[in-house]
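A.B. asks: Compact mmCIF, C-alpha atoms, file run-v7.txt:
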```txt
# COMPACT_ATOMS: atom_id res chain seq x y z
CA MET A 23 95.92 120.05 97.33
CA ASN A 24 98.70 120.87 94.82
CA ASP A 25 101.31 121.65 97.48
CA SER A 26 103.50 118.92 98.92
CA LEU A 27 103.51 118.32 102.65
CA GLY A 28 106.46 119.15 104.89
CA TRP A 29 107.91 116.52 107.23
CA GLY A 30 105.95 117.89 110.19
CA ALA A 31 102.66 117.52 108.32
CA ILE A 32 103.68 114.09 107.00
CA THR A 33 104.40 112.92 110.54
CA GLY A 34 101.05 114.27 111.71
CA HIS A 35 99.17 112.48 108.92
CA ILE A 36 100.98 109.18 109.63
CA LEU A 37 100.25 109.41 113.35
CA TYR A 38 96.60 110.10 112.52
CA GLN A 39 96.43 106.94 110.39
CA PHE A 40 97.79 104.92 113.33
CA ILE A 41 95.21 106.19 115.87
CA PRO A 42 93.40 102.78 116.05
CA VAL A 43 96.73 101.08 116.73
CA PHE A 44 97.71 103.52 119.47
CA ALA A 45 94.25 103.19 121.05
CA ALA A 46 94.52 99.38 121.06
CA LEU A 47 98.02 99.60 122.55
CA ALA A 48 96.84 101.95 125.30
CA ILE A 49 93.92 99.68 126.23
CA THR A 50 96.12 96.56 126.16
CA PHE A 51 98.80 98.10 128.37
CA ALA A 52 96.29 99.62 130.79
CA LEU A 53 94.48 96.31 131.33
CA SER A 54 97.74 94.33 131.45
CA ILE A 55 99.31 96.61 134.08
CA TRP A 56 96.11 96.64 136.13
CA TYR A 57 95.87 92.84 136.21
CA LYS A 58 99.56 91.99 135.86
CA ARG A 59 99.75 90.07 139.14
CA LYS A 60 97.12 87.67 137.81
CA LEU A 61 98.67 87.14 134.38
CA GLY A 62 101.62 84.91 135.27
CA LEU A 63 104.79 85.32 133.22
CA TYR A 64 103.09 87.77 130.85
CA GLY A 65 102.20 90.02 133.77
CA LYS A 66 105.74 89.85 135.13
CA LEU A 67 106.95 91.12 131.77
CA PHE A 68 105.75 94.59 132.81
CA ASP A 69 108.39 94.64 135.53
CA SER A 70 111.06 94.64 132.84
CA ASN A 71 111.71 97.88 130.95
CA ILE A 72 113.26 96.11 127.99
CA GLY A 73 110.36 93.65 127.94
CA ILE A 74 107.83 96.51 127.84
CA ILE A 75 109.64 98.14 124.91
CA GLY A 76 109.79 94.83 123.04
CA LEU A 77 106.13 94.08 123.69
CA ALA A 78 105.11 97.56 122.52
CA LEU A 79 107.01 97.18 119.23
CA VAL A 80 105.62 93.71 118.57
CA LEU A 81 102.05 94.67 119.46
CA PHE A 82 102.34 97.80 117.31
CA TRP A 83 102.88 95.71 114.19
CA LEU A 84 100.43 93.05 115.31
CA TYR A 85 97.64 95.61 115.70
CA THR A 86 98.70 97.32 112.48
CA ALA A 87 98.30 94.06 110.55
CA PHE A 88 95.00 93.37 112.32
CA PHE A 89 93.38 96.72 111.57
CA ALA A 90 94.78 96.81 108.04
CA GLY A 91 93.85 93.24 107.18
CA VAL A 92 90.47 92.91 108.90
CA PHE A 93 89.03 96.42 108.80
CA ASP A 94 90.99 97.86 105.83
CA MET A 95 92.23 100.72 108.00
CA ILE A 96 95.64 102.43 108.38
CA ALA A 97 96.64 102.33 104.71
CA THR A 98 95.66 105.32 102.57
CA HIS A 99 95.70 103.57 99.16
CA ASP A 100 95.47 100.13 97.59
CA ALA A 101 98.92 98.55 97.89
CA LEU A 102 98.80 97.39 94.25
CA ASP A 103 97.30 100.55 92.75
CA GLN A 104 99.67 102.21 90.26
CA SER A 105 99.74 105.79 89.06
CA ALA A 106 102.05 106.77 86.23
CA SER A 107 102.24 110.34 87.51
CA MET A 108 103.38 109.19 91.00
CA LYS A 109 106.49 107.22 90.02
CA LYS A 110 109.37 107.96 92.41
CA LYS A 111 107.53 110.95 93.85
CA LEU A 112 108.86 112.30 97.14
CA PRO A 113 107.02 111.85 100.48
CA GLY A 114 104.06 114.16 100.92
CA THR A 115 103.31 114.51 97.20
CA PRO A 116 99.61 115.08 96.36
CA TYR A 117 98.11 111.97 94.81
CA SER A 118 96.92 111.98 91.22
CA LYS A 119 95.89 109.00 89.15
CA LEU A 120 96.60 110.92 85.98
CA ILE A 121 98.41 114.21 85.65
CA GLY A 122 96.11 117.01 86.76
CA THR A 123 93.41 114.68 88.24
CA VAL A 124 92.75 113.42 91.75
CA ASP A 125 90.94 110.24 92.75
CA PRO A 126 88.41 111.27 95.43
CA ASN A 127 88.25 107.73 96.86
CA ALA A 128 91.93 107.60 97.73
CA GLY A 129 94.00 109.46 100.26
CA PRO A 130 95.05 112.92 99.13
CA TYR A 131 98.77 112.29 99.53
CA TYR A 132 101.43 109.63 99.12
CA LEU A 133 102.68 110.07 102.68
CA LEU A 134 105.97 108.26 102.11
CA GLY A 135 106.18 108.86 98.39
CA GLY A 136 105.76 106.61 95.37
CA ASP A 137 107.87 103.66 94.28
CA ASN A 138 109.29 102.98 90.83
CA LEU A 139 105.87 101.77 89.60
CA GLY A 140 103.90 104.63 91.13
CA ARG A 141 102.55 102.68 94.13
CA ASP A 142 102.16 104.21 97.58
CA VAL A 143 105.15 103.24 99.75
CA PHE A 144 103.27 103.85 103.01
CA SER A 145 100.35 101.61 102.03
CA ARG A 146 102.69 98.88 100.78
CA MET A 147 104.64 98.98 104.03
CA ILE A 148 101.37 98.47 105.95
CA ALA A 149 100.31 95.63 103.63
CA GLY A 150 103.73 94.03 104.13
CA SER A 151 103.09 93.80 107.88
CA ILE A 152 100.06 91.58 107.15
CA LYS A 153 102.23 89.10 105.26
CA VAL A 154 104.79 88.96 108.04
CA ILE A 155 102.21 88.55 110.83
CA LEU A 156 100.39 85.85 108.85
CA ILE A 157 103.47 83.76 108.14
CA ALA A 158 106.15 84.23 110.80
CA PRO A 159 104.26 83.57 114.10
CA PHE A 160 101.97 80.83 112.79
CA ALA A 161 104.74 79.02 110.95
CA THR A 162 106.83 79.19 114.13
CA VAL A 163 103.92 77.70 116.12
CA PHE A 164 103.72 74.80 113.66
CA ALA A 165 107.50 74.31 113.86
CA PHE A 166 107.24 74.15 117.66
CA MET A 167 104.43 71.62 117.42
CA VAL A 168 106.64 69.38 115.28
CA GLY A 169 109.73 69.92 117.42
CA ILE A 170 107.93 69.32 120.72
CA THR A 171 106.04 66.25 119.51
CA LEU A 172 109.27 64.59 118.37
CA GLY A 173 111.77 66.14 120.80
CA LEU A 174 110.04 65.12 124.03
CA PRO A 175 109.97 61.33 123.37
CA ALA A 176 113.46 61.47 121.84
CA GLY A 177 114.89 63.01 125.01
CA TYR A 178 112.73 61.01 127.40
CA TYR A 179 113.15 57.55 125.88
CA GLY A 180 116.55 57.88 124.18
CA GLY A 181 117.77 54.77 122.38
CA ARG A 182 117.38 54.10 118.67
CA PHE A 183 114.40 56.42 118.33
CA ASP A 184 116.48 59.31 119.60
CA THR A 185 119.45 58.33 117.44
CA MET A 186 117.35 58.18 114.27
CA LEU A 187 115.58 61.52 114.83
CA SER A 188 118.81 63.22 115.88
CA PHE A 189 120.49 61.99 112.69
CA ILE A 190 117.66 63.36 110.52
CA SER A 191 117.69 66.72 112.31
CA ASN A 192 121.47 66.96 111.97
CA LEU A 193 121.14 66.14 108.28
CA VAL A 194 118.73 69.06 107.77
CA LEU A 195 120.80 71.40 109.93
CA ALA A 196 123.92 70.56 107.92
CA PHE A 197 122.57 72.74 105.11
CA PRO A 198 122.99 76.51 105.46
CA VAL A 199 119.56 77.89 106.36
CA ILE A 200 119.40 80.47 103.59
CA LEU A 201 120.51 77.93 100.96
CA LEU A 202 117.97 75.35 102.14
CA PHE A 203 115.23 77.97 102.19
CA TYR A 204 116.29 79.14 98.74
CA LEU A 205 116.11 75.58 97.34
CA LEU A 206 112.68 74.86 98.79
CA VAL A 207 110.99 77.86 97.19
CA THR A 208 112.56 77.69 93.73
CA PRO A 209 109.99 77.15 90.95
CA GLU A 210 111.58 73.84 89.89
CA ILE A 211 111.06 72.32 93.34
CA VAL A 212 107.55 73.76 93.60
CA LEU A 213 106.52 72.17 90.29
CA THR A 214 107.48 68.71 91.58
CA GLY A 215 104.78 68.95 94.25
CA ILE A 216 107.29 68.32 97.05
CA PRO A 217 106.07 71.29 99.18
CA VAL A 218 102.52 69.89 99.15
CA TYR A 219 103.69 66.48 100.38
CA MET A 220 105.83 68.19 103.01
CA ALA A 221 102.77 70.15 104.13
CA ALA A 222 100.78 66.92 104.36
CA VAL A 223 103.37 65.49 106.78
CA LEU A 224 104.24 68.57 108.82
CA PHE A 225 100.69 69.92 109.26
CA ILE A 226 99.44 66.67 110.81
CA PHE A 227 101.67 67.21 113.86
CA PRO A 228 99.47 69.83 115.60
CA ILE A 229 96.57 67.36 115.50
CA ILE A 230 98.76 64.57 116.86
CA PHE A 231 100.10 66.86 119.58
CA LEU A 232 96.64 67.98 120.77
CA VAL A 233 95.17 64.46 120.70
CA ILE A 234 98.07 63.15 122.82
CA LEU A 235 97.75 66.18 125.12
CA TRP A 236 94.05 65.57 125.86
CA ASN A 237 94.48 61.81 126.12
CA SER A 238 97.31 62.09 128.63
CA ARG A 239 95.61 64.78 130.72
CA TYR A 240 92.12 63.30 130.90
CA ARG A 241 92.75 59.58 130.63
CA GLN A 242 90.80 59.04 133.87
CA GLN A 243 87.93 61.29 132.69
CA VAL A 244 86.84 59.36 129.64
CA ARG A 245 83.83 61.51 128.71
CA LYS A 246 85.77 64.79 128.80
CA ARG A 247 88.70 63.21 126.97
CA ASN A 248 86.48 61.90 124.18
CA ILE A 249 84.80 65.27 123.73
CA TYR A 250 88.10 67.13 123.50
CA VAL A 251 89.61 64.55 121.14
CA ALA A 252 86.51 64.56 118.93
CA ILE A 253 86.49 68.37 118.68
CA THR A 254 90.21 68.38 117.91
CA LEU A 255 89.85 65.75 115.19
CA ILE A 256 86.83 67.36 113.53
CA ILE A 257 88.23 70.92 113.48
CA GLY A 258 91.84 69.80 112.98
CA LEU A 259 91.17 67.51 110.02
CA TRP A 260 88.91 70.13 108.42
CA LEU A 261 91.71 72.74 108.66
CA TYR A 262 94.27 70.14 107.60
CA LEU A 263 92.38 69.30 104.41
CA GLY A 264 91.96 72.96 103.55
CA ILE A 265 95.47 74.14 104.36
CA ALA A 266 97.61 71.19 103.26
CA TRP A 267 95.58 69.82 100.35
CA ASP A 268 93.29 72.72 99.41
CA ALA A 269 90.45 70.19 99.68
CA ASP A 270 88.07 71.75 102.21
CA PRO A 271 84.67 70.17 101.38
CA MET A 272 82.90 73.41 102.40
CA GLY A 273 85.28 75.61 100.40
CA ILE A 274 85.99 77.92 103.35
CA VAL A 275 89.59 77.12 104.27
CA GLY A 276 92.29 77.48 101.68
CA PHE A 277 95.92 78.48 101.30
CA PRO A 278 97.33 80.25 98.24
CA PRO A 279 99.91 77.87 96.70
CA ASN A 280 102.65 80.49 96.74
CA LEU A 281 102.04 81.27 100.40
CA LEU A 282 101.89 77.56 101.26
CA VAL A 283 105.38 77.00 99.85
CA VAL A 284 106.86 79.74 102.03
CA PHE A 285 104.92 78.55 105.08
CA VAL A 286 106.06 74.94 104.66
CA SER A 287 109.64 76.05 104.12
CA VAL A 288 109.64 78.04 107.35
CA VAL A 289 108.23 75.08 109.31
CA PHE A 290 110.68 72.61 107.78
CA VAL A 291 113.74 74.81 108.34
CA ASN A 292 112.86 75.63 111.97
CA SER A 293 111.59 72.23 113.18
CA PRO A 294 115.00 70.48 113.54
CA THR A 295 116.37 73.30 115.70
CA VAL A 296 113.30 73.25 117.94
CA PHE A 297 113.60 69.45 118.13
CA ARG A 298 117.18 69.70 119.39
CA ILE A 299 116.28 72.32 121.99
CA VAL A 300 113.32 70.32 123.31
CA ARG A 301 115.33 67.09 123.29
CA GLY A 302 118.13 68.71 125.31
CA LEU A 303 115.67 70.14 127.83
CA ALA A 304 113.93 66.77 128.17
CA LEU A 305 117.26 65.01 128.78
CA ASP A 306 117.99 67.44 131.61
CA ILE A 307 114.55 67.72 133.23
CA LYS A 308 113.74 63.99 133.19
CA THR A 309 116.37 63.49 135.91
CA ARG A 310 114.60 65.87 138.33
CA ASP A 311 112.92 64.64 141.51
CA TYR A 312 109.41 65.71 140.51
CA VAL A 313 109.65 63.54 137.39
CA ALA A 314 110.69 60.59 139.54
CA ALA A 315 107.74 61.35 141.85
CA ALA A 316 105.34 61.31 138.87
CA GLN A 317 106.77 57.97 137.75
CA THR A 318 106.29 56.62 141.26
CA ARG A 319 102.63 57.71 141.20
CA GLY A 320 102.19 55.59 138.09
CA GLU A 321 101.74 58.42 135.61
CA GLY A 322 102.12 57.52 131.94
CA PRO A 323 105.14 58.61 129.88
CA TRP A 324 103.21 61.16 127.80
CA TYR A 325 101.64 62.68 130.91
CA ILE A 326 105.11 63.13 132.38
CA MET A 327 106.46 64.60 129.15
CA LEU A 328 103.59 67.02 128.52
CA TRP A 329 102.55 67.96 132.06
CA GLU A 330 105.77 67.65 134.05
CA ILE A 331 108.70 68.22 131.67
CA LEU A 332 107.19 70.65 129.13
CA PRO A 333 105.84 73.23 131.66
CA ASN A 334 109.23 73.34 133.35
CA ALA A 335 110.90 74.02 130.00
CA ARG A 336 108.65 76.97 129.18
CA GLY A 337 111.22 79.70 129.92
CA PRO A 338 113.83 78.69 127.31
CA LEU A 339 111.11 77.71 124.83
CA LEU A 340 109.30 81.05 125.10
CA VAL A 341 112.55 82.91 124.61
CA ASP A 342 113.45 80.79 121.60
CA PHE A 343 109.92 81.22 120.21
CA CYS A 344 110.26 85.01 120.17
CA LEU A 345 113.75 84.89 118.70
CA ARG A 346 112.67 82.37 116.08
CA ILE A 347 109.85 84.63 114.89
CA GLY A 348 112.50 87.29 114.43
CA TYR A 349 114.73 84.91 112.47
CA THR A 350 111.76 83.93 110.32
CA THR A 351 110.93 87.59 109.67
CA ILE A 352 114.50 88.14 108.47
CA LEU A 353 114.31 85.01 106.30
CA LEU A 354 111.10 86.25 104.68
CA GLY A 355 112.73 89.59 104.04
CA THR A 356 115.77 87.83 102.57
CA LEU A 357 113.59 85.75 100.25
CA GLY A 358 111.78 88.87 99.14
CA PHE A 359 115.13 90.55 98.59
CA PHE A 360 116.10 87.72 96.22
CA GLY A 361 112.71 87.86 94.50
CA LEU A 362 111.61 84.44 95.80
CA GLY A 363 108.71 83.23 97.89
CA LEU A 364 105.60 85.39 97.64
CA GLU A 365 104.08 86.52 94.36
CA SER A 366 106.01 89.20 92.49
CA GLU A 367 103.40 91.94 93.07
CA SER A 368 103.10 91.17 96.78
CA ALA A 369 103.65 94.03 99.20
CA ASP A 370 106.59 92.31 100.84
CA TRP A 371 109.18 94.22 102.88
CA GLY A 372 112.06 92.34 101.28
CA LYS A 373 110.85 93.08 97.76
CA MET A 374 110.33 96.73 98.67
CA ILE A 375 113.89 96.96 99.95
CA ILE A 376 115.39 95.42 96.81
CA ASP A 377 113.29 97.73 94.60
CA GLY A 378 114.43 100.75 96.59
CA ARG A 379 118.06 99.61 96.75
CA LYS A 380 118.39 100.03 93.00
CA LEU A 381 117.58 103.73 93.39
CA LEU A 382 119.83 104.54 96.36
CA SER A 383 122.64 105.59 94.04
CA ALA A 384 120.30 108.21 92.58
CA ASN A 385 119.73 109.58 96.11
CA ILE A 386 116.13 108.29 96.13
CA LEU A 387 115.91 106.98 99.70
CA HIS A 388 112.20 106.97 100.49
CA ILE A 389 111.46 103.63 98.77
CA ALA A 390 113.92 101.41 100.66
CA ILE A 391 114.14 103.13 104.05
CA PRO A 392 110.52 102.68 105.35
CA PRO A 393 110.33 98.87 104.85
CA ALA A 394 113.88 98.49 106.19
CA LEU A 395 112.95 100.41 109.35
CA ALA A 396 109.73 98.40 109.68
CA LEU A 397 111.67 95.12 109.48
CA LEU A 398 114.28 96.44 111.90
CA SER A 399 111.70 97.58 114.46
CA LEU A 400 109.78 94.27 114.43
CA VAL A 401 112.91 92.12 114.78
CA LEU A 402 114.29 94.46 117.46
CA GLY A 403 110.99 94.26 119.33
CA LEU A 404 111.04 90.46 119.22
CA ASN A 405 114.62 90.40 120.52
CA PHE A 406 113.74 92.81 123.35
CA LEU A 407 110.67 90.73 124.17
CA ALA A 408 112.82 87.58 124.29
CA ASP A 409 115.29 89.33 126.61
CA GLY A 410 112.44 90.40 128.89
CA LEU A 411 110.98 86.90 128.98
CA ARG A 412 114.40 85.41 129.71
CA GLU A 413 114.96 87.90 132.51
CA GLU A 414 111.61 87.19 134.14
CA SER A 415 111.67 83.42 133.60
CA LEU A 416 115.01 83.22 135.45
CA ARG A 417 113.35 84.92 138.42
CA ASP A 418 110.34 82.64 138.22
```
What's the structure tokens form of this structure?
C.D. replies:
Amino acid sequence: MNDSLGWGAITGHILYQFIPVFAALAITFALSIWYKRKLGLYGKLFDSNIGIIGLALVLFWLYTAFFAGVFDMIATHDALDQSASMKKKLPGTPYSKLIGTVDPNAGPYYLLGGDNLGRDVFSRMIAGSIKVILIAPFATVFAFMVGITLGLPAGYYGGRFDTMLSFISNLVLAFPVILLFYLLVTPEIVLTGIPVYMAAVLFIFPIIFLVILWNSRYRQQVRKRNIYVAITLIIGLWLYLGIAWDADPMGIVGFPPNLLVVFVSVVFVNSPTVFRIVRGLALDIKTRDYVAAAQTRGEGPWYIMLWEILPNARGPLLVDFCLRIGYTTILLGTLGFFGLGLESESADWGKMIIDGRKLLSANILHIAIPPALALLSLVLGLNFLADGLREESLRD
């Protein structure tokens, strides 16, 4: 117990901790390959080598966050637990809470060493994946909901509505992304309550989108339409009250204020770009023959936009969705690097990198390298996945 591990033993211990992740990956890939001809574009992704690599990297971190966040697996220690005797210890050092003592409830080693406060780097890297998976994909989904809901009618109708929305989006895009992000999460802006009001506006768009979707699809089937709309409104407004206003009457749904600020900032920064992409696609696709055929049949404008134009724009949108998650991941890391966004003690990859960067000159590499490689692998996986989707969507 008093001897440090070599790199071979460290690698073995880390691989052992990831057994649930590897098992989930194996099952996912086996089922996906077996049924790939029935899975549409997702199934075709397995015909692309680069797409498979990208999917594997993304799913690796997705499953890591799932098992770590839901089942408290993977990590060997509490990400916030500090030990004075473990400060800046090298990878593979036996864990001790105090000098000469060992906590029997914790893992026996700091597999990737200790940081400058004596916290386990490996466990903090795992905890950081939870933050990224919670914020980046879901915030990107919300941004797409806003961009699609506004971009489709802007491109389809044109006119003053398009001019006004395009002006607003250009106004937002005129700011450098990092600077805009930086301004939105500064404490002075947070204290004004602006992020909460922004959340109130932006988070209503998914409800609007789904209500319009059901109404346009089932306008001739009134009973089914009413059921879907009622379910959407009940669940949507309940989540909306909890997430945007922290006013869930049952006290189940809530959003930490610090996390809400980052989430809103991501949605606000990404929405104008998504709007412009969707608007451009709508301008192009609305001239196609099948859109004219739908107009001849007497279909409503929203039916045409959501069930004729949007499905035929899925290729570019899926590619942009994957890339945008990657951009958001980098933005979160950048905010953490500047000490903004999430709470100061949060196991955030960006904060871990900035903490480790200060020690690189002292040849202490194990604090900054693991989170940097984690961030690199996730973004690289998202880029590979986007390339695979682009490749297969062009064949579709």
A.B. asks: In Å to one decimal, how far is CA of Gly264 (chain A) from CA of Pro278 (chain A)?
C.D. replies: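 CA of Gly264 (chain A) lies 10.5 Å from CA of Pro278 (chain A).
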A.B. asks: Show me, as CSV, the residues of region 57-165 of chain A having an atom within 10 Å of region 222-241 of chain A, each with the closest atom pair and its distance in Å, using all atoms listed in the file.
C.D. replies:
```
residue,atom,partner,partner_atom,distance
A:Val163,CA,A:Pro228,CA,9.1
A:Phe164,CA,A:Pro228,CA,6.8
A:Ala165,CA,A:Leu224,CA,8.3
```
A.B. asks: Within 12 Å of Val212 (chain A), counting only C-alpha atoms, which residues qualify if same-chain residues fewer than 4 places away don't, as a ChimeraX atom specification?
C.D. replies: /A:204-208,216-220,279-284,286-287,362-363
A.B. asks: Generate a file of the selected residues that holds C-alpha atoms, formatted as a PDB file, keeping the file's coordinate frame.
C.D. replies:
```pdb
ATOM      1  CA  TYR A 204     116.290  79.140  98.740  1.00  0.00           C
ATOM      2  CA  LEU A 205     116.110  75.580  97.340  1.00  0.00           C
ATOM      3  CA  LEU A 206     112.680  74.860  98.790  1.00  0.00           C
ATOM      4  CA  VAL A 207     110.990  77.860  97.190  1.00  0.00           C
ATOM      5  CA  THR A 208     112.560  77.690  93.730  1.00  0.00           C
ATOM      6  CA  ILE A 216     107.290  68.320  97.050  1.00  0.00           C
ATOM      7  CA  PRO A 217     106.070  71.290  99.180  1.00  0.00           C
ATOM      8  CA  VAL A 218     102.520  69.890  99.150  1.00  0.00           C
ATOM      9  CA  TYR A 219     103.690  66.480 100.380  1.00  0.00           C
ATOM     10  CA  MET A 220     105.830  68.190 103.010  1.00  0.00           C
ATOM     11  CA  PRO A 279      99.910  77.870  96.700  1.00  0.00           C
ATOM     12  CA  ASN A 280     102.650  80.490  96.740  1.00  0.00           C
ATOM     13  CA  LEU A 281     102.040  81.270 100.400  1.00  0.00           C
ATOM     14  CA  LEU A 282     101.890  77.560 101.260  1.00  0.00           C
ATOM     15  CA  VAL A 283     105.380  77.000  99.850  1.00  0.00           C
ATOM     16  CA  VAL A 284     106.860  79.740 102.030  1.00  0.00           C
ATOM     17  CA  VAL A 286     106.060  74.940 104.660  1.00  0.00           C
ATOM     18  CA  SER A 287     109.640  76.050 104.120  1.00  0.00           C
ATOM     19  CA  LEU A 362     111.610  84.440  95.800  1.00  0.00           C
ATOM     20  CA  GLY A 363     108.710  83.230  97.890  1.00  0.00           C
TER      21      GLY A 363
END
```
A.B. asks: Residues within 6 Å of region 337-350 of chain A, please, as a VMD selection string. Count only C-alpha atoms; anything in the same chain fewer than 4 positions from it doesn't count.
C.D. replies: chain A and resid 158 to 159 401 404 to 405 408 412 415
A.B. asks: Keeping C-alpha atoms for every residue in the selection just given, could you write it to a file as a short mmCIF file (atom, residue, chain, number, x, y, z; two decimals), keeping the file's coordinate frame?
C.D. replies:
```cif
data_model
loop_
_atom_site.label_atom_id
_atom_site.label_comp_id
_atom_site.auth_asym_id
_atom_site.auth_seq_id
_atom_site.Cartn_x
_atom_site.Cartn_y
_atom_site.Cartn_z
CA ALA A 158 106.15 84.23 110.80
CA PRO A 159 104.26 83.57 114.10
CA VAL A 401 112.91 92.12 114.78
CA LEU A 404 111.04 90.46 119.22
CA ASN A 405 114.62 90.40 120.52
CA ALA A 408 112.82 87.58 124.29
CA ARG A 412 114.40 85.41 129.71
CA SER A 415 111.67 83.42 133.60
#
```
A.B. asks: One decimal, in Å: what's the spacing between CA of Thr171 (chain A) and CA of Leu402 (chain A)?
C.D. replies: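 Separation between CA of Thr171 (chain A) and CA of Leu402 (chain A): 29.5 Å.
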A.B. asks: Here is a test: counting only C-alpha atoms, which residue of A:Val300, A:Met147, A:Ala52, A:Leu84 is nearest to Ile391 (chain A)?
C.D. replies: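 Among the listed residues, A:Met147 lies closest to Ile391 (chain A).
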A.B. asks: Determine the nearest neighbour of Leu79 (chain A) from the options A:Ala315, A:Ala394, A:Leu63, A:Leu47, counting only C-alpha atoms.
C.D. replies: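 The answer is A:Leu47, which sits nearest to Leu79 (chain A).
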A.B. asks: Within 9 Å of Phe166 (chain A), counting only C-alpha atoms, which residues qualify if same-chain residues fewer than 4 places away don't, as an MDAnalysis selection string?
C.D. replies: chainID A and resid 161:162 170:171 289 292:293 296:297 339 343
A.B. asks: Can you write just those residues out, C-alpha atoms, as a compact mmCIF listing (two decimals), in the frame of the given file?
C.D. replies:
```txt
# COMPACT_ATOMS: atom_id res chain seq x y z
CA ALA A 161 104.74 79.02 110.95
CA THR A 162 106.83 79.19 114.13
CA ILE A 170 107.93 69.32 120.72
CA THR A 171 106.04 66.25 119.51
CA VAL A 289 108.23 75.08 109.31
CA ASN A 292 112.86 75.63 111.97
CA SER A 293 111.59 72.23 113.18
CA VAL A 296 113.30 73.25 117.94
CA PHE A 297 113.60 69.45 118.13
CA LEU A 339 111.11 77.71 124.83
CA PHE A 343 109.92 81.22 120.21
```
A.B. asks: The centre and edge lengths of an axis-aligned box containing all atoms of region 138-157 of chain A present in the file, extended by 3 Å on each side, are to be given in Å to one decimal, as lines of an AutoDock Vina configuration file.
C.D. replies:
```
center_x = 104.7
center_y = 94.2
center_z = 100.2
size_x = 15.2
size_y = 26.9
size_z = 27.2
```
A.B. asks: May I ask which of the residues A:Met374, A:Gly302, A:Tyr131, A:Ile157 is the closest one to Asp25 (chain A), counting only C-alpha atoms?
C.D. replies: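 Checking each candidate against Asp25 (chain A), we get A:Tyr131 as the closest.
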